[in-house]
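Remarks on the structure that follows.
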Amino acid sequence: MATETQPILNTPLLASHEQLGAKLVPFAGWRMPLDYGSILGESRAVRSGAGVFDVSHMARFLFRGPDVAAQLDHALGGSILDQPVGKARYTMILQEDGGILDDLITYRTAADEIFMVVNASNRHRDWDLLMERLPAVECADLTEDGGGILALQGPDSKRILAELSGVSDFCPEFLDLGELPSEWGDLFIARTGYTGEHGYEIFVSAEQIVPVWSKLLALGAAPVGLGARDVLRLEAALPLYGHEIHETITPFDVNLRFAIKGWKTRTFIGGDALRAIKDVERELIGFTATQRVPREGYPVFCDGAEVGVICSGVFSATLEHPIATALVKKGCEGSFTVDFRGKQLPVERTATPFVPHRSRA
Amino acid sequence: MRPTDRSYLESHEWAQLDGDIVTVGITDFAVEQLGELVYLDLPAVGTDVSTGQGFGEVESVKAVSDMNSPVDGEVIAVNSDLTDNLDTLQNHPLNAGWLIKVKVASADALHGLLDAAAYEQIVASQS
């Protein structure tokens, strides 16, 4: 969390964003592009072609040491010991009581090396916590090294990456990672993303970030801001810390058991608490609405009784109507309504993801 | 500078007096801050509105916002076409995108509101 004493951080692409007419907003201590004129238009560009997001605000950590996988396997909610070299994995940092402190991706770059990306808003807390939990591991916070992360997403991303590098079909499977040769040197790339589309996250050095960004735009990727990123991730029903997940929510509440692989048998922080849970009392569900957007914090009712709260809501650019996630009492069946600032209006329970994932395609 | 033929509120509404009728809208700055509009809620003709109180809501992709009445009076006309043509409000908030017309009791109904120059300073401080 940024405080007044910390100066705002700038992405290395600030000048480019300004040139592109971005609306820049403070976000987790950084000045980042919210949009380049149209949140909905940028969202559609990703679904129909390709877009590139500057997500250089996200925190990048590197952990190294002979015991690194075993220590992270204990420190994180998900299994790391069996994570293959050359693969990314989605997992989380849990409290002792099983509450979710953050979600993150680990990248097994070598047997004794793991790269990690965590939410910008949790960077310092995660770092301090991991320092405590990983006493015998070499750690580096690379977030302010002048490089960054470019997320190239959309059905056309495969062509763009091939034209960027001259290498076709790089990272053929979802969650693959590797070093892609390019005219700017090797680019560290993962087949990951936050849109539900086929896509890549490109980790670039200070020297690479400006020319690679420019080349991606020249090859047809639309610049996409954080506003569209939120629309796309919610359409894909991908959780966001502070909304679907936070300290008083466990992975069971929000159906994220896949992120804590091996939880039944592994020894890890939060594991005992999770195994002690007998009944999961809440569930994360999707709603669609006709006109008004059900927004974070709006109370949710089932047959007139209050049963939960909206976690996130956006106007879906792809579906052209509002969508939302809600954390509600498990097993409610009946007519759902939402209190839209004093007005009870119907919403319809909808299976998620709202827009099917194509990330493995 | 925005039109000087009307008055403004700090909360980014505008009000234009013609006889005893005040036309009310939101400013281009309000629309720009909201971003892409997705929903508009306007009162029915015959509704009483009062100064500083919400008369409707406008919702964008990013946020939902109350719109405040600059005057006391009765709504005598509503630009009801707007709710299905949000582009008009998006692109022409100072003219074709007017929202409601209110019948007011006194000819100095806009007394105390901001003139264009004063509103310009508000905008400059928030830009």
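In the structure tokens, chains take the letters A, B, ... in the order shown, each chain's residues start at 1, and ligands count up from 1 in the order shown.
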Considering only alpha helix (DSSP H) as DSSP defines it on the backbone, what residues of chain B qualify? List them as an mmCIF file with N, CA and C atoms, in the first residue's frame.
data_model
loop_
_atom_site.group_PDB
_atom_site.id
_atom_site.type_symbol
_atom_site.label_atom_id
_atom_site.label_comp_id
_atom_site.auth_asym_id
_atom_site.auth_seq_id
_atom_site.Cartn_x
_atom_site.Cartn_y
_atom_site.Cartn_z
ATOM 1 N N ASP B 28 -19.422 18.335 -19.654
ATOM 2 C CA ASP B 28 -18.510 17.485 -20.419
ATOM 3 C C ASP B 28 -17.395 16.955 -19.532
ATOM 4 N N PHE B 29 -17.004 17.759 -18.516
ATOM 5 C CA PHE B 29 -15.963 17.277 -17.596
ATOM 6 C C PHE B 29 -16.480 16.076 -16.803
ATOM 7 N N ALA B 30 -17.738 16.155 -16.353
ATOM 8 C CA ALA B 30 -18.340 15.031 -15.621
ATOM 9 C C ALA B 30 -18.328 13.777 -16.490
ATOM 10 N N VAL B 31 -18.722 13.944 -17.748
ATOM 11 C CA VAL B 31 -18.792 12.797 -18.655
ATOM 12 C C VAL B 31 -17.400 12.217 -18.902
ATOM 13 N N GLU B 32 -16.448 13.128 -19.063
ATOM 14 C CA GLU B 32 -15.072 12.664 -19.307
ATOM 15 C C GLU B 32 -14.541 11.885 -18.101
ATOM 16 N N GLN B 33 -14.848 12.386 -16.896
ATOM 17 C CA GLN B 33 -14.383 11.693 -15.696
ATOM 18 C C GLN B 33 -15.057 10.330 -15.534
ATOM 19 N N LEU B 34 -16.333 10.268 -15.905
ATOM 20 C CA LEU B 34 -17.058 9.004 -15.778
ATOM 21 C C LEU B 34 -16.562 7.970 -16.776
ATOM 22 N N LEU B 86 -27.392 6.677 -25.033
ATOM 23 C CA LEU B 86 -26.401 7.269 -24.127
ATOM 24 C C LEU B 86 -25.293 7.993 -24.880
ATOM 25 N N ASP B 87 -25.112 7.650 -26.159
ATOM 26 C CA ASP B 87 -24.103 8.346 -26.965
ATOM 27 C C ASP B 87 -24.377 9.850 -27.010
ATOM 28 N N THR B 88 -25.671 10.206 -27.027
ATOM 29 C CA THR B 88 -26.020 11.627 -27.076
ATOM 30 C C THR B 88 -25.513 12.337 -25.823
ATOM 31 N N LEU B 89 -25.706 11.706 -24.677
ATOM 32 C CA LEU B 89 -25.199 12.292 -23.432
ATOM 33 C C LEU B 89 -23.666 12.260 -23.420
ATOM 34 N N GLN B 90 -23.116 11.150 -23.906
ATOM 35 C CA GLN B 90 -21.662 10.990 -23.933
ATOM 36 C C GLN B 90 -21.002 12.102 -24.771
ATOM 37 N N ASN B 91 -21.608 12.399 -25.910
ATOM 38 C CA ASN B 91 -20.945 13.284 -26.874
ATOM 39 C C ASN B 91 -21.427 14.729 -26.845
ATOM 40 N N ALA B 116 -19.330 30.441 -15.293
ATOM 41 C CA ALA B 116 -18.421 29.602 -16.090
ATOM 42 C C ALA B 116 -16.967 29.748 -15.633
ATOM 43 N N ALA B 117 -16.578 30.953 -15.290
ATOM 44 C CA ALA B 117 -15.181 31.180 -14.882
ATOM 45 C C ALA B 117 -14.874 30.465 -13.563
ATOM 46 N N ALA B 118 -15.818 30.555 -12.636
ATOM 47 C CA ALA B 118 -15.599 29.891 -11.339
ATOM 48 C C ALA B 118 -15.584 28.371 -11.502
ATOM 49 N N TYR B 119 -16.475 27.880 -12.385
ATOM 50 C CA TYR B 119 -16.505 26.431 -12.617
ATOM 51 C C TYR B 119 -15.202 25.967 -13.274
ATOM 52 N N GLU B 120 -14.671 26.810 -14.137
ATOM 53 C CA GLU B 120 -13.407 26.480 -14.813
ATOM 54 C C GLU B 120 -12.298 26.208 -13.792
ATOM 55 N N GLN B 121 -12.324 26.996 -12.722
ATOM 56 C CA GLN B 121 -11.303 26.822 -11.679
ATOM 57 C C GLN B 121 -11.486 25.499 -10.943
ATOM 58 N N ILE B 122 -12.763 25.124 -10.728
ATOM 59 C CA ILE B 122 -13.043 23.829 -10.089
ATOM 60 C C ILE B 122 -12.475 22.707 -10.957
ATOM 61 N N VAL B 123 -12.759 22.800 -12.253
ATOM 62 C CA VAL B 123 -12.294 21.769 -13.188
ATOM 63 C C VAL B 123 -10.767 21.713 -13.194
ATOM 64 N N ALA B 124 -10.154 22.898 -13.242
ATOM 65 C CA ALA B 124 -8.686 22.943 -13.283
ATOM 66 C C ALA B 124 -8.099 22.274 -12.038
ATOM 67 N N SER B 125 -8.744 22.470 -10.900
ATOM 68 C CA SER B 125 -8.203 21.906 -9.661
ATOM 69 C C SER B 125 -8.402 20.392 -9.595
ATOM 70 N N GLN B 126 -9.331 19.882 -10.409
ATOM 71 C CA GLN B 126 -9.603 18.427 -10.369
ATOM 72 C C GLN B 126 -8.999 17.685 -11.560
#
Could you please tell me, as a PDB file with N, CA and C atoms, in the first residue's frame, which residues of chain A have an atom within 7 Å of chain B when using only C-alpha atoms?
ATOM      1  N   GLN A 291     -29.310  -3.887 -16.710  1.00  0.00           N
ATOM      2  CA  GLN A 291     -28.957  -2.506 -17.017  1.00  0.00           C
ATOM      3  C   GLN A 291     -27.849  -1.985 -16.128  1.00  0.00           C
ATOM      4  N   ARG A 292     -28.133  -1.978 -14.833  1.00  0.00           N
ATOM      5  CA  ARG A 292     -27.185  -1.366 -13.913  1.00  0.00           C
ATOM      6  C   ARG A 292     -26.151  -2.385 -13.476  1.00  0.00           C
ATOM      7  N   VAL A 314     -18.778  -5.479 -13.351  1.00  0.00           N
ATOM      8  CA  VAL A 314     -18.381  -4.632 -14.483  1.00  0.00           C
ATOM      9  C   VAL A 314     -19.460  -4.712 -15.553  1.00  0.00           C
ATOM     10  N   PHE A 315     -19.375  -3.807 -16.505  1.00  0.00           N
ATOM     11  CA  PHE A 315     -20.172  -3.933 -17.717  1.00  0.00           C
ATOM     12  C   PHE A 315     -19.345  -4.771 -18.677  1.00  0.00           C
TER      13      PHE A 315
END
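Put simply, atom CA of Gly78 of chain A is 13.3 Å away from atom CA of Phe252 of chain A.
Atom CA of Val71 of chain B sits 10.6 Å away from atom CA of Phe55 of chain B.
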Check your understanding: Which residue gives the smallest distance to Gln16 of chain B among B:Gly97, B:Gly46, B:Gly54, B:Pro3, with only C-alpha atoms counted?
Key -> B:Pro3
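Across A:Thr352, A:Thr248, A:Asn10, A:Thr288, the tightest approach to Leu94 of chain A is made by A:Thr248 when counting only C-alpha atoms.
Minimum atom-to-atom distance to Val49 of chain B, evaluated using only C-alpha atoms, belongs to B:Val102 out of B:Ile26, B:Val102, B:Leu17, B:Val78.
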